[in-house]
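Peer 1: Could you have a look at this structure, given as structure tokens, before my questions?
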Number of protein chains: 2
Amino acid sequence: MANIYQVAKLAKVSTATVSAVVNNQDVVEAKTRKRVLAAIKQLHYQPNLYASNLARGRTRLLGLVVSDIANPFFGELAHVIQQEALARGYEVLLATTDFSSKRLIASLKQMIGMRAAGVAIMTSEMQKQALELLRSHHAPAVFEDVGTADRHISNLRIDYEGGILKAVRYLVDLGHRNILFVKTYPVGDERGINFFSIRQRFEAFQAAIKSFKALGVSPQIVTYGGPGPLAGLGAIRKALSQSRFTAAVAIADPPALGILRGLREAGLSVPRDVSVIGFDNTYLCEYLNPPLTSVNIPRALVGHLVVETLLRMIENNEPGRELHVETELIVRESTAPPPNKRANRGTRRHS
Amino acid sequence: MANIYQVAKLAKVSTATVSAVVNNQDVVEAKTRKRVLAAIKQLHYQPNLYASNLARGRTRLLGLVVSDIANPFFGELAHVIQQEALARGYEVLLATTDFSSKRLIASLKQMIGMRAAGVAIMTSEMQKQALELLRSHHAPAVFEDVGTADRHISNLRIDYEGGILKAVRYLVDLGHRNILFVKTYPVGDERGINFFSIRQRFEAFQAAIKSFKALGVSPQIVTYGGPGPLAGLGAIRKALSQSRFTAAVAIADPPALGILRGLREAGLSVPRDVSVIGFDNTYLCEYLNPPLTSVNIPRALVGHLVVETLLRMIENNEPGRELHVETELIVRESTAPPPNKRANRGTRRHS
DNA sequence: CTGAAAGCGCTAACAC
DNA sequence: GTGTTAGCGCTTTCAG
């Protein structure tokens, strides 16, 4: 593969000139430039990125690591972040962990190895080790829910708690008293992972229920592991056989898919018999049958904040800061008052 | 950031030794190795990938470019390809084009710049330019439906035609005669793109219809641009106002979402009033209401073939070859015989 | 406006 | 086993 010397020789200039042309440094005479361009085309020259990054000593590369690209939420988020970064002249390197902390560490190492100018970690699994890794390299980073910001690390806090509270309150206002929290979780390949966002949503649910205790609201919990929709299905089957509830709150939209299906196969109608609320408000929600009520996380805002913050840290050497994003409940047709006369139930009616 | 010299100095060895340790070349005495490891840890040394790739002169990097990660099909495909590559000791660099041929070219250039050992292009937009680019660099590649294989390029052919034929035949066997093809397309940022897979599916539909002409089967076509589900919704609204059909075939699953919703909002029931068939058999299908009949493309097989073929070209210098993958119809609950007594219709019944 | 040349950090002969 | 050293291909002063 042609290199810069061959181009220089063919164009009868020095490598410095070729470099200037390639990088659009506006200091080359039009005539020379044209000659160089011709040589480049003729040799199909494509600069070696390793050599140029090595020589340059810095990159315009942002790392983004997410848990699971199969969840549309992450897909949409990755998309806006990429757009935003591109517009600012940065490339983004996307890595997926599949909820494995090993892969998280590996991805981070790769990004450090590629000397990414900044890194955004939007995973639900967390590891102290990941934090330390980044910290020891002084790589600007934004973590979701890492605790607190410091010199090189910004902390993005999404108001899961408020979102859950709004969801529960809405159900309570509709008249629901037996509310099920469907706590699904991915099955990673090792233990010791802190599925932070899951725990957080769960605790938020407990807190929300508690605040309505006086109204006689009682929580039901069902736990089930597996990939999104399947876990939701498994969970709801389990719940139907052991709990009584008139509403279910899912931890994310994909599990809600499974919940809807499980309810349907049990002969129950949504929202007539059971109300269902999802989380993340992915684009799927409005195309489901019935359209799914869900808690929205403003992806565009999150994406913008992440990139903006990263670039401020990178380019202006600003310290890490606290980012705060609100959530809201988007009401659709999967929620309604609980069945009127019927007693609460959780198993198939044999009517 | 610490470099290899500092590690070498601290460990009182040469850089060659550090390099050997880092790359697990089993030629270093345990004692020395331990010293080096300690130094690495102490300095938080992380090798500079640019330097090492530059020096090495080759990479274990596979490029993968897809159109749209928001379509779960591509997400799943990317996932299996990544798994497969990882297992063979390769990293994969994922790029998304958003159906823009500009971005296709840009992604390809980046991959060439990173000297990817091989590249897989699984996009529906195609450009001669992309082909030429790869060809001029002798980078092993596998294209979907590029035409024919040559020395450095393998051609993956997915039997869309057979899939569509199976779908149409199934509908015809059920008794449908007025079948709508919902031809949605992404709105890219420029013209001149060949949405190959779309055209192909469309032509396959026309051919299928033709083969049943004797039975009185007549095709309806509706065209609409936009992002998947939205395009499906727009298309079906348009179709309802102008055509008569008892079954609809979508070009992919996401548009089918929109179709289901559009039918519902028109007061039509699936499959009682209209049957619907999707394409790609993404995981969504079985969670929809009703579960969606769809044409399956065996992602695992495709992923395996792609990686296997690429590696053979890379490592054994084998020439490009023809890959062939079959499709099959997965029947679920969105298809049924057409309404019995009622005349064919396409507008809301005012009964 | 263009050229010469010193690195960037690492790898891989080759020598010891 | 381990050290020396010549590149890998590009960028970037600094001269001219």
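How things are named: the first chain in the structure tokens is A, the next is B, and so on; residues count from 1 in each chain; ligands count from 1 in the order shown.
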DSSP on the backbone: which residues in stretch 44-278 of chain B end up as alpha helix (DSSP H)? Give the answer as a PyMOL selection string.

Peer 2: chain B and resi 49-56+72-87+101-113+128-137+160-174+196-211+228-242+253-265

Peer 1: Set the distance at 9 Å and use only C-alpha atoms (C1' of nucleotides): which residues neighbour stretch 162-176 of chain B once local chain neighbours fewer than 3 positions away are removed? I'd like the list as a PDB file with C-alpha atoms, in the first residue's frame.

Peer 2:
ATOM      1  CA  ASP B 159     -32.193 -15.475  -0.912  1.00  0.00           C
ATOM      2  CA  ILE B 179     -51.805  -8.455  -1.832  1.00  0.00           C
ATOM      3  CA  ARG B 201     -37.240  -7.545  -2.513  1.00  0.00           C
ATOM      4  CA  PHE B 202     -39.554  -5.500  -4.624  1.00  0.00           C
ATOM      5  CA  ALA B 204     -38.981 -10.569  -6.059  1.00  0.00           C
ATOM      6  CA  PHE B 205     -42.492  -9.561  -5.108  1.00  0.00           C
ATOM      7  CA  ALA B 207     -42.018 -11.997  -9.866  1.00  0.00           C
ATOM      8  CA  ALA B 208     -43.907 -13.899  -7.195  1.00  0.00           C
ATOM      9  CA  ILE B 209     -47.159 -12.204  -8.071  1.00  0.00           C
ATOM     10  CA  PHE B 212     -49.674 -16.669  -9.432  1.00  0.00           C
ATOM     11  CA  LEU B 215     -55.030 -17.659  -9.905  1.00  0.00           C
ATOM     12  CA  VAL B 217     -53.675 -12.669  -7.796  1.00  0.00           C
ATOM     13  CA  PHE B 245     -56.083  -5.550  -0.249  1.00  0.00           C
ATOM     14  CA  THR B 246     -56.476  -8.292   2.289  1.00  0.00           C
ATOM     15  CA  ALA B 247     -52.811  -8.832   3.006  1.00  0.00           C
ATOM     16  CA  VAL B 249     -46.060  -7.667   2.900  1.00  0.00           C
ATOM     17  CA  SER B 275     -52.906 -10.311   7.142  1.00  0.00           C
ATOM     18  CA  ILE B 277     -46.010 -10.362   6.926  1.00  0.00           C
ATOM     19  CA  PHE B 279     -39.170  -9.440   6.842  1.00  0.00           C
ATOM     20  CA  THR B 293     -45.326 -13.764  10.590  1.00  0.00           C
ATOM     21  CA  SER B 294     -41.978 -12.930   9.033  1.00  0.00           C
ATOM     22  CA  VAL B 295     -39.296 -14.151   6.672  1.00  0.00           C
ATOM     23  CA  ASN B 296     -36.275 -15.332   8.578  1.00  0.00           C
ATOM     24  CA  ILE B 297     -32.686 -14.616   7.646  1.00  0.00           C
ATOM     25  CA  GLU B 326     -31.496 -19.457   2.371  1.00  0.00           C
ATOM     26  CA  THR B 327     -34.515 -17.814   3.952  1.00  0.00           C
ATOM     27  CA  GLU B 328     -37.662 -19.299   5.397  1.00  0.00           C
ATOM     28  CA  LEU B 329     -41.104 -18.138   6.371  1.00  0.00           C
ATOM     29  CA  THR B 335     -51.701 -14.170   8.925  1.00  0.00           C
ATOM     30  CA  ALA B 336     -55.019 -15.904   8.292  1.00  0.00           C
ATOM     31  CA  PRO B 337     -57.446 -16.497   5.471  1.00  0.00           C
ATOM     32  CA  PRO B 338     -59.006 -13.332   4.094  1.00  0.00           C
TER      33      PRO B 338
END

Peer 1: At a cut-off of 6 Å, list the chain C residues touching chain B, using only C-alpha atoms (C1' of nucleotides), as a list of chain:residue names.

Peer 2: C:DG9, C:DC10, C:DT11

Peer 1: Would you put the residues from that selection into a file with N, CA, C and O atoms (P, O5', C5', C4', C3', O3' and C1' of nucleotides), as a short mmCIF file (atom, residue, chain, number, x, y, z; two decimals), in the first residue's frame?

Peer 2:
data_model
loop_
_atom_site.label_atom_id
_atom_site.label_comp_id
_atom_site.auth_asym_id
_atom_site.auth_seq_id
_atom_site.Cartn_x
_atom_site.Cartn_y
_atom_site.Cartn_z
P DG C 9 5.74 9.23 23.00
"O5'" DG C 9 5.59 7.66 22.76
"C5'" DG C 9 4.32 7.16 22.40
"C4'" DG C 9 4.48 5.71 22.00
"C3'" DG C 9 5.19 4.83 23.03
"O3'" DG C 9 4.34 3.73 23.27
"C1'" DG C 9 6.16 4.55 20.90
P DC C 10 4.76 2.46 24.05
"O5'" DC C 10 5.11 1.51 22.83
"C5'" DC C 10 4.05 1.12 21.97
"C4'" DC C 10 4.58 0.31 20.82
"C3'" DC C 10 5.19 -1.03 21.21
"O3'" DC C 10 4.36 -2.05 20.67
"C1'" DC C 10 6.57 0.16 19.66
P DT C 11 4.68 -3.60 20.98
"O5'" DT C 11 5.56 -3.96 19.69
"C5'" DT C 11 4.94 -3.89 18.43
"C4'" DT C 11 5.88 -4.39 17.37
"C3'" DT C 11 6.37 -5.82 17.56
"O3'" DT C 11 6.32 -6.42 16.26
"C1'" DT C 11 8.22 -4.37 17.36
#

Peer 1: Using only C-alpha atoms (C1' of nucleotides), which residues sit within 9 Å of B:Ala117 once same-chain residues fewer than 4 positions away are excluded, as an MDAnalysis selection string?

Peer 2: chainID B and resid 58:63 111:112 139:141 310:311 314

Peer 1: Mind dumping the selected residues with C-alpha atoms as a short mmCIF file (atom, residue, chain, number, x, y, z; two decimals), in the first residue's frame?

Peer 2:
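Printed below is again28.cif as written:
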data_model
loop_
_atom_site.label_atom_id
_atom_site.label_comp_id
_atom_site.auth_asym_id
_atom_site.auth_seq_id
_atom_site.Cartn_x
_atom_site.Cartn_y
_atom_site.Cartn_z
CA ARG B 58 -0.67 -5.60 10.39
CA THR B 59 -3.79 -5.64 12.51
CA ARG B 60 -6.32 -8.07 13.81
CA LEU B 61 -9.16 -5.76 13.04
CA LEU B 62 -12.30 -6.48 11.09
CA GLY B 63 -14.42 -3.65 9.81
CA MET B 111 -11.16 1.29 7.93
CA ILE B 112 -8.54 1.33 5.25
CA ALA B 139 -8.43 -5.37 1.32
CA PRO B 140 -10.30 -8.64 1.68
CA ALA B 141 -13.97 -7.85 1.85
CA LEU B 310 -12.97 -13.06 5.73
CA LEU B 311 -10.46 -14.97 7.81
CA ILE B 314 -6.91 -12.93 5.22
#

Peer 1: Near stretch 91-97 of chain B, within 7 Å and counting only C-alpha atoms (C1' of nucleotides), which residues show up once chain neighbours fewer than 5 positions away are dropped, as a PDB file with all heavy atoms, in the first residue's frame?

Peer 2:
ATOM      1  N   ARG B  60      -5.292  -7.043  13.693  1.00  0.00           N
ATOM      2  CA  ARG B  60      -6.324  -8.072  13.806  1.00  0.00           C
ATOM      3  C   ARG B  60      -7.637  -7.347  14.010  1.00  0.00           C
ATOM      4  O   ARG B  60      -8.263  -7.400  15.056  1.00  0.00           O
ATOM      5  CB  ARG B  60      -6.030  -9.020  14.970  1.00  0.00           C
ATOM      6  CG  ARG B  60      -4.780  -9.870  14.710  1.00  0.00           C
ATOM      7  CD  ARG B  60      -4.489 -10.793  15.860  1.00  0.00           C
ATOM      8  NE  ARG B  60      -5.398 -11.933  15.950  1.00  0.00           N
ATOM      9  CZ  ARG B  60      -5.274 -13.051  15.237  1.00  0.00           C
ATOM     10  NH1 ARG B  60      -4.290 -13.190  14.380  1.00  0.00           N
ATOM     11  NH2 ARG B  60      -6.131 -14.038  15.384  1.00  0.00           N
ATOM     12  N   LEU B  61      -8.001  -6.633  12.974  1.00  0.00           N
ATOM     13  CA  LEU B  61      -9.157  -5.757  13.038  1.00  0.00           C
ATOM     14  C   LEU B  61     -10.070  -6.055  11.851  1.00  0.00           C
ATOM     15  O   LEU B  61      -9.619  -6.070  10.711  1.00  0.00           O
ATOM     16  CB  LEU B  61      -8.663  -4.315  12.913  1.00  0.00           C
ATOM     17  CG  LEU B  61      -9.317  -3.185  13.698  1.00  0.00           C
ATOM     18  CD1 LEU B  61      -9.041  -1.863  13.027  1.00  0.00           C
ATOM     19  CD2 LEU B  61     -10.792  -3.409  13.905  1.00  0.00           C
ATOM     20  N   LEU B  62     -11.315  -6.280  12.154  1.00  0.00           N
ATOM     21  CA  LEU B  62     -12.299  -6.481  11.086  1.00  0.00           C
ATOM     22  C   LEU B  62     -13.238  -5.287  11.065  1.00  0.00           C
ATOM     23  O   LEU B  62     -13.733  -4.867  12.104  1.00  0.00           O
ATOM     24  CB  LEU B  62     -13.106  -7.755  11.370  1.00  0.00           C
ATOM     25  CG  LEU B  62     -12.757  -9.040  10.640  1.00  0.00           C
ATOM     26  CD1 LEU B  62     -11.299  -9.123  10.260  1.00  0.00           C
ATOM     27  CD2 LEU B  62     -13.204 -10.242  11.429  1.00  0.00           C
ATOM     28  N   GLY B  63     -13.468  -4.754   9.903  1.00  0.00           N
ATOM     29  CA  GLY B  63     -14.417  -3.647   9.808  1.00  0.00           C
ATOM     30  C   GLY B  63     -15.798  -4.174   9.469  1.00  0.00           C
ATOM     31  O   GLY B  63     -15.940  -5.094   8.683  1.00  0.00           O
ATOM     32  N   LEU B  64     -16.787  -3.607  10.093  1.00  0.00           N
ATOM     33  CA  LEU B  64     -18.166  -3.997   9.761  1.00  0.00           C
ATOM     34  C   LEU B  64     -18.974  -2.733   9.541  1.00  0.00           C
ATOM     35  O   LEU B  64     -19.003  -1.858  10.409  1.00  0.00           O
ATOM     36  CB  LEU B  64     -18.781  -4.813  10.902  1.00  0.00           C
ATOM     37  CG  LEU B  64     -20.280  -5.099  10.786  1.00  0.00           C
ATOM     38  CD1 LEU B  64     -20.588  -5.912   9.536  1.00  0.00           C
ATOM     39  CD2 LEU B  64     -20.779  -5.846  12.017  1.00  0.00           C
ATOM     40  N   VAL B  65     -19.581  -2.625   8.387  1.00  0.00           N
ATOM     41  CA  VAL B  65     -20.421  -1.447   8.198  1.00  0.00           C
ATOM     42  C   VAL B  65     -21.846  -1.840   7.851  1.00  0.00           C
ATOM     43  O   VAL B  65     -22.098  -2.698   7.009  1.00  0.00           O
ATOM     44  CB  VAL B  65     -19.789  -0.421   7.195  1.00  0.00           C
ATOM     45  CG1 VAL B  65     -18.691  -1.026   6.373  1.00  0.00           C
ATOM     46  CG2 VAL B  65     -20.820   0.243   6.341  1.00  0.00           C
ATOM     47  N   VAL B  66     -22.758  -1.260   8.610  1.00  0.00           N
ATOM     48  CA  VAL B  66     -24.180  -1.535   8.428  1.00  0.00           C
ATOM     49  C   VAL B  66     -24.903  -0.211   8.199  1.00  0.00           C
ATOM     50  O   VAL B  66     -24.354   0.856   8.456  1.00  0.00           O
ATOM     51  CB  VAL B  66     -24.779  -2.239   9.659  1.00  0.00           C
ATOM     52  CG1 VAL B  66     -24.060  -3.543   9.949  1.00  0.00           C
ATOM     53  CG2 VAL B  66     -24.737  -1.337  10.872  1.00  0.00           C
ATOM     54  N   SER B  67     -26.130  -0.301   7.731  1.00  0.00           N
ATOM     55  CA  SER B  67     -26.856   0.919   7.410  1.00  0.00           C
ATOM     56  C   SER B  67     -27.403   1.601   8.651  1.00  0.00           C
ATOM     57  O   SER B  67     -27.338   2.806   8.810  1.00  0.00           O
ATOM     58  CB  SER B  67     -28.041   0.608   6.494  1.00  0.00           C
ATOM     59  OG  SER B  67     -27.580   0.166   5.257  1.00  0.00           O
ATOM     60  N   ASP B  68     -27.919   0.792   9.550  1.00  0.00           N
ATOM     61  CA  ASP B  68     -28.805   1.383  10.530  1.00  0.00           C
ATOM     62  C   ASP B  68     -28.902   0.486  11.747  1.00  0.00           C
ATOM     63  O   ASP B  68     -29.548  -0.551  11.713  1.00  0.00           O
ATOM     64  CB  ASP B  68     -30.186   1.514   9.876  1.00  0.00           C
ATOM     65  CG  ASP B  68     -31.214   1.975  10.873  1.00  0.00           C
ATOM     66  OD1 ASP B  68     -30.814   2.573  11.874  1.00  0.00           O
ATOM     67  OD2 ASP B  68     -32.409   1.721  10.640  1.00  0.00           O
ATOM     68  N   ILE B  69     -28.272   0.917  12.788  1.00  0.00           N
ATOM     69  CA  ILE B  69     -28.236   0.077  13.980  1.00  0.00           C
ATOM     70  C   ILE B  69     -29.574   0.088  14.703  1.00  0.00           C
ATOM     71  O   ILE B  69     -29.825  -0.722  15.588  1.00  0.00           O
ATOM     72  CB  ILE B  69     -27.081   0.541  14.903  1.00  0.00           C
ATOM     73  CG1 ILE B  69     -26.707  -0.541  15.915  1.00  0.00           C
ATOM     74  CG2 ILE B  69     -27.445   1.823  15.598  1.00  0.00           C
ATOM     75  CD1 ILE B  69     -25.937  -1.669  15.305  1.00  0.00           C
ATOM     76  N   GLN B  82     -19.517  -9.912  15.913  1.00  0.00           N
ATOM     77  CA  GLN B  82     -18.542  -9.537  16.937  1.00  0.00           C
ATOM     78  C   GLN B  82     -18.118 -10.749  17.766  1.00  0.00           C
ATOM     79  O   GLN B  82     -16.938 -10.962  18.023  1.00  0.00           O
ATOM     80  CB  GLN B  82     -19.139  -8.469  17.841  1.00  0.00           C
ATOM     81  CG  GLN B  82     -18.151  -7.963  18.865  1.00  0.00           C
ATOM     82  CD  GLN B  82     -18.415  -6.515  19.208  1.00  0.00           C
ATOM     83  OE1 GLN B  82     -19.448  -6.173  19.751  1.00  0.00           O
ATOM     84  NE2 GLN B  82     -17.493  -5.643  18.881  1.00  0.00           N
ATOM     85  N   ALA B  85     -15.879 -12.990  15.708  1.00  0.00           N
ATOM     86  CA  ALA B  85     -14.560 -12.391  15.483  1.00  0.00           C
ATOM     87  C   ALA B  85     -13.719 -12.465  16.756  1.00  0.00           C
ATOM     88  O   ALA B  85     -12.546 -12.829  16.721  1.00  0.00           O
ATOM     89  CB  ALA B  85     -14.708 -10.955  15.022  1.00  0.00           C
ATOM     90  N   LEU B  86     -14.345 -12.123  17.848  1.00  0.00           N
ATOM     91  CA  LEU B  86     -13.666 -12.141  19.136  1.00  0.00           C
ATOM     92  C   LEU B  86     -13.089 -13.524  19.399  1.00  0.00           C
ATOM     93  O   LEU B  86     -11.954 -13.669  19.856  1.00  0.00           O
ATOM     94  CB  LEU B  86     -14.670 -11.774  20.232  1.00  0.00           C
ATOM     95  CG  LEU B  86     -14.316 -10.599  21.133  1.00  0.00           C
ATOM     96  CD1 LEU B  86     -13.684  -9.468  20.359  1.00  0.00           C
ATOM     97  CD2 LEU B  86     -15.541 -10.129  21.891  1.00  0.00           C
ATOM     98  N   ARG B 103     -21.311   8.647   3.968  1.00  0.00           N
ATOM     99  CA  ARG B 103     -20.797   8.029   5.192  1.00  0.00           C
ATOM    100  C   ARG B 103     -20.238   6.639   4.916  1.00  0.00           C
ATOM    101  O   ARG B 103     -19.323   6.193   5.595  1.00  0.00           O
ATOM    102  CB  ARG B 103     -21.874   7.977   6.284  1.00  0.00           C
ATOM    103  CG  ARG B 103     -22.409   9.335   6.647  1.00  0.00           C
ATOM    104  CD  ARG B 103     -22.266   9.778   8.122  1.00  0.00           C
ATOM    105  NE  ARG B 103     -22.062   8.775   9.112  1.00  0.00           N
ATOM    106  CZ  ARG B 103     -20.943   8.677   9.842  1.00  0.00           C
ATOM    107  NH1 ARG B 103     -19.941   9.529   9.667  1.00  0.00           N
ATOM    108  NH2 ARG B 103     -20.851   7.758  10.757  1.00  0.00           N
ATOM    109  N   LEU B 104     -20.777   5.982   3.941  1.00  0.00           N
ATOM    110  CA  LEU B 104     -20.237   4.673   3.577  1.00  0.00           C
ATOM    111  C   LEU B 104     -18.785   4.836   3.158  1.00  0.00           C
ATOM    112  O   LEU B 104     -17.896   4.136   3.651  1.00  0.00           O
ATOM    113  CB  LEU B 104     -21.032   4.086   2.411  1.00  0.00           C
ATOM    114  CG  LEU B 104     -21.106   2.573   2.201  1.00  0.00           C
ATOM    115  CD1 LEU B 104     -21.333   2.215   0.766  1.00  0.00           C
ATOM    116  CD2 LEU B 104     -19.927   1.818   2.753  1.00  0.00           C
ATOM    117  N   SER B 107     -16.578   5.800   6.061  1.00  0.00           N
ATOM    118  CA  SER B 107     -16.317   4.670   6.956  1.00  0.00           C
ATOM    119  C   SER B 107     -15.275   3.747   6.357  1.00  0.00           C
ATOM    120  O   SER B 107     -14.359   3.290   7.040  1.00  0.00           O
ATOM    121  CB  SER B 107     -17.598   3.878   7.195  1.00  0.00           C
ATOM    122  OG  SER B 107     -18.603   4.708   7.703  1.00  0.00           O
TER     123      SER B 107
END

Peer 1: Show me which bits of chain B are within 9 Å of chain A, counting only C-alpha atoms, as a ChimeraX atom specification.

Peer 2: /B:1,43-54,69-72,75-76,79,93-95,109-110,112-115,133,136-138,229,257-258,260-261,264,283-284,286-290
